[in-house]
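Enquirer: Shown below is the structure under consideration.
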Amino acid sequence: MHVEFLVEEPSSAAMIEVLLDRLLFPRPNAPIHSWRIHSFDGKRRMIQGLSRVLGGILDAQFADSIVVLIDADRDDCVQLKQSLLELTSYAISRHRRSDTTTNVWVRIAVTELEAWFIGDVAATRTAYPRITAGDMKIRRWKEADAVPDAWEWLEKLMLRRRYYVTRMPKVEVARNIAANLNLDPNHNTSRSFRLFLRTLREVYGLSTDESSSRSPST
């Protein structure tokens, strides 16, 4: 099974790499899985180049599935997803042959990738132990997906706890927290993360038991 991931920025790529390593390896008698991640280095560049890159992947005919992941930011999620579905449909209509079965999935990180980390308090605190449970309270919002400007919220917390001096290195933080994210399908308070995790399982044919049984430390 080979999957191509198209993501907005390197921090998303880093998180996916860590998650896939945890989900897929090592597993007894596991089938051979592979993936490649394309980072567009920005939302605007991703939207502009999505059809072209998708077309190239479909023309090559080596991907079983393609997963598109982008941050919602302050965009309307429904409208953003619809526009991406139109872009992917256009690429598919132009490039996919009738005898190919590549599946294309579009997923939105709401509001941003960092909301997925805010949604798992234990994972964030394990990666950064000086952060307290009180620090992670988001009483103003019902769930992590509702936190606006999630990366800025998390960056302010990291700076306050003196993990970083001026800026939060998004790729480093993504790797550190992703290594500890709980893979139970119902654990994270971010609905968009839970959907993404279910998508990974479905794409690679994993059962819930297989993907949730490994501890965050492995």
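Please note that chains go A, B, ... in the order of the structure tokens, that every chain numbers its residues from 1, and that ligands are numbered from 1 in the order shown.
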Residues at most 7 Å from Arg161 (chain A), counting only C-alpha atoms, excluding those fewer than 4 positions away in the same chain, as a ChimeraX atom specification?
Expert: /A:130-131,157
Enquirer: Using backbone DSSP assignments, extract all strand (DSSP E) residues from chain A; output them as a list of chain:residue names.
Expert: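 Matching residues for strand (DSSP E) in chain A are A:His2, A:Val3, A:Glu4, A:Phe5, A:Leu6, A:Val7, A:Ser34, A:Trp35, A:Arg36, A:Ile37, A:His38, A:Ser39, A:Ser65, A:Ile66, A:Val67, A:Val68, A:Leu69, A:Ile70, A:Asp71, A:Asn103, A:Val104, A:Trp105, A:Val106, A:Arg107, A:Ile108, A:Ala109.
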Enquirer: Would you kindly return, as a list in words, each protein, DNA or RNA residue with an atom no farther than 12 Å from any atom of Tyr128 (chain A), considering only C-alpha atoms and excluding same-chain residues fewer than 4 positions away?
Expert: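 My list of contacting residues is Phe117, Val121, Ala122, Ala123, Thr124, Thr132, Ala133, Asp135, Met136, Leu154, Leu157, Met158, Leu159, Arg161, Arg162, Tyr163, Tyr164, Glu172, Val173, Ala174, Asn176, Ile177, Ala179 and Asn180 of chain A.
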Enquirer: Any chance you could export the current selection's N, CA, C and O atoms as a tab-separated table (two decimals), in the first residue's frame?
Expert:
```tsv
chain	number	residue	atom	x	y	z
A	117	PHE	N	-2.70	19.26	18.94
A	117	PHE	CA	-1.83	19.08	20.10
A	117	PHE	C	-2.52	19.60	21.36
A	117	PHE	O	-2.43	18.97	22.43
A	121	VAL	N	-3.96	16.88	26.04
A	121	VAL	CA	-3.22	17.53	27.12
A	121	VAL	C	-2.06	16.65	27.59
A	121	VAL	O	-0.94	17.13	27.80
A	122	ALA	N	-2.30	15.37	27.75
A	122	ALA	CA	-1.26	14.46	28.26
A	122	ALA	C	-0.07	14.40	27.31
A	122	ALA	O	1.08	14.40	27.76
A	123	ALA	N	-0.33	14.36	26.01
A	123	ALA	CA	0.75	14.29	25.03
A	123	ALA	C	1.61	15.55	25.08
A	123	ALA	O	2.85	15.48	25.04
A	124	THR	N	0.95	16.69	25.16
A	124	THR	CA	1.68	17.96	25.20
A	124	THR	C	2.50	18.08	26.48
A	124	THR	O	3.67	18.49	26.46
A	132	THR	N	1.69	22.93	32.74
A	132	THR	CA	0.80	22.36	33.75
A	132	THR	C	-0.57	22.05	33.15
A	132	THR	O	-0.92	22.55	32.08
A	133	ALA	N	-1.33	21.27	33.88
A	133	ALA	CA	-2.70	20.98	33.45
A	133	ALA	C	-3.52	22.26	33.38
A	133	ALA	O	-4.36	22.44	32.49
A	135	ASP	N	-2.39	25.17	32.63
A	135	ASP	CA	-2.00	25.89	31.41
A	135	ASP	C	-2.83	25.46	30.21
A	135	ASP	O	-3.08	26.26	29.29
A	136	MET	N	-3.23	24.21	30.20
A	136	MET	CA	-3.90	23.64	29.03
A	136	MET	C	-5.41	23.81	29.07
A	136	MET	O	-6.10	23.33	28.17
A	154	LEU	N	-0.42	28.15	21.43
A	154	LEU	CA	0.57	27.19	21.92
A	154	LEU	C	1.95	27.84	22.02
A	154	LEU	O	2.69	27.57	22.97
A	157	LEU	N	2.30	29.80	25.18
A	157	LEU	CA	2.47	28.90	26.31
A	157	LEU	C	3.90	28.38	26.38
A	157	LEU	O	4.51	28.34	27.46
A	158	MET	N	4.46	28.00	25.24
A	158	MET	CA	5.84	27.50	25.21
A	158	MET	C	6.82	28.58	25.66
A	158	MET	O	7.78	28.31	26.39
A	159	LEU	N	6.60	29.81	25.23
A	159	LEU	CA	7.49	30.91	25.62
A	159	LEU	C	7.34	31.22	27.11
A	159	LEU	O	8.33	31.49	27.80
A	161	ARG	N	6.58	29.18	29.46
A	161	ARG	CA	7.23	28.12	30.23
A	161	ARG	C	8.72	27.98	29.87
A	161	ARG	O	9.40	27.06	30.31
A	162	ARG	N	9.22	28.91	29.06
A	162	ARG	CA	10.65	29.04	28.73
A	162	ARG	C	11.25	27.83	28.04
A	162	ARG	O	12.40	27.46	28.28
A	163	TYR	N	10.44	27.23	27.19
A	163	TYR	CA	11.01	26.18	26.34
A	163	TYR	C	11.72	26.79	25.14
A	163	TYR	O	12.68	26.22	24.62
A	164	TYR	N	11.24	27.93	24.70
A	164	TYR	CA	11.85	28.64	23.59
A	164	TYR	C	11.93	30.11	23.94
A	164	TYR	O	11.17	30.61	24.80
A	172	GLU	N	9.80	21.07	15.10
A	172	GLU	CA	10.30	20.38	16.30
A	172	GLU	C	9.16	20.05	17.26
A	172	GLU	O	9.07	18.93	17.79
A	173	VAL	N	8.29	21.02	17.48
A	173	VAL	CA	7.16	20.81	18.39
A	173	VAL	C	6.23	19.73	17.84
A	173	VAL	O	5.74	18.88	18.59
A	174	ALA	N	5.99	19.76	16.53
A	174	ALA	CA	5.12	18.75	15.92
A	174	ALA	C	5.67	17.36	16.13
A	174	ALA	O	4.93	16.42	16.49
A	176	ASN	N	7.81	16.36	18.50
A	176	ASN	CA	7.84	16.01	19.93
A	176	ASN	C	6.46	15.60	20.45
A	176	ASN	O	6.33	14.61	21.19
A	177	ILE	N	5.44	16.36	20.08
A	177	ILE	CA	4.11	16.05	20.61
A	177	ILE	C	3.50	14.86	19.87
A	177	ILE	O	2.84	14.01	20.48
A	179	ALA	N	4.90	12.29	18.85
A	179	ALA	CA	5.46	11.05	19.40
A	179	ALA	C	4.69	10.57	20.62
A	179	ALA	O	4.81	9.41	21.02
A	180	ASN	N	3.88	11.46	21.21
A	180	ASN	CA	3.15	11.12	22.43
A	180	ASN	C	1.64	11.16	22.27
A	180	ASN	O	0.91	10.86	23.21
```
Enquirer: How many Å lie between CA of Asn186 (chain A) and CA of Thr199 (chain A), rounded to one decimal?
Expert: 13.7 Å
Enquirer: At what distance in Å, to one decimal, does CA of Arg22 (chain A) lie from CA of Asp145 (chain A)?
Expert: 23.6 Å
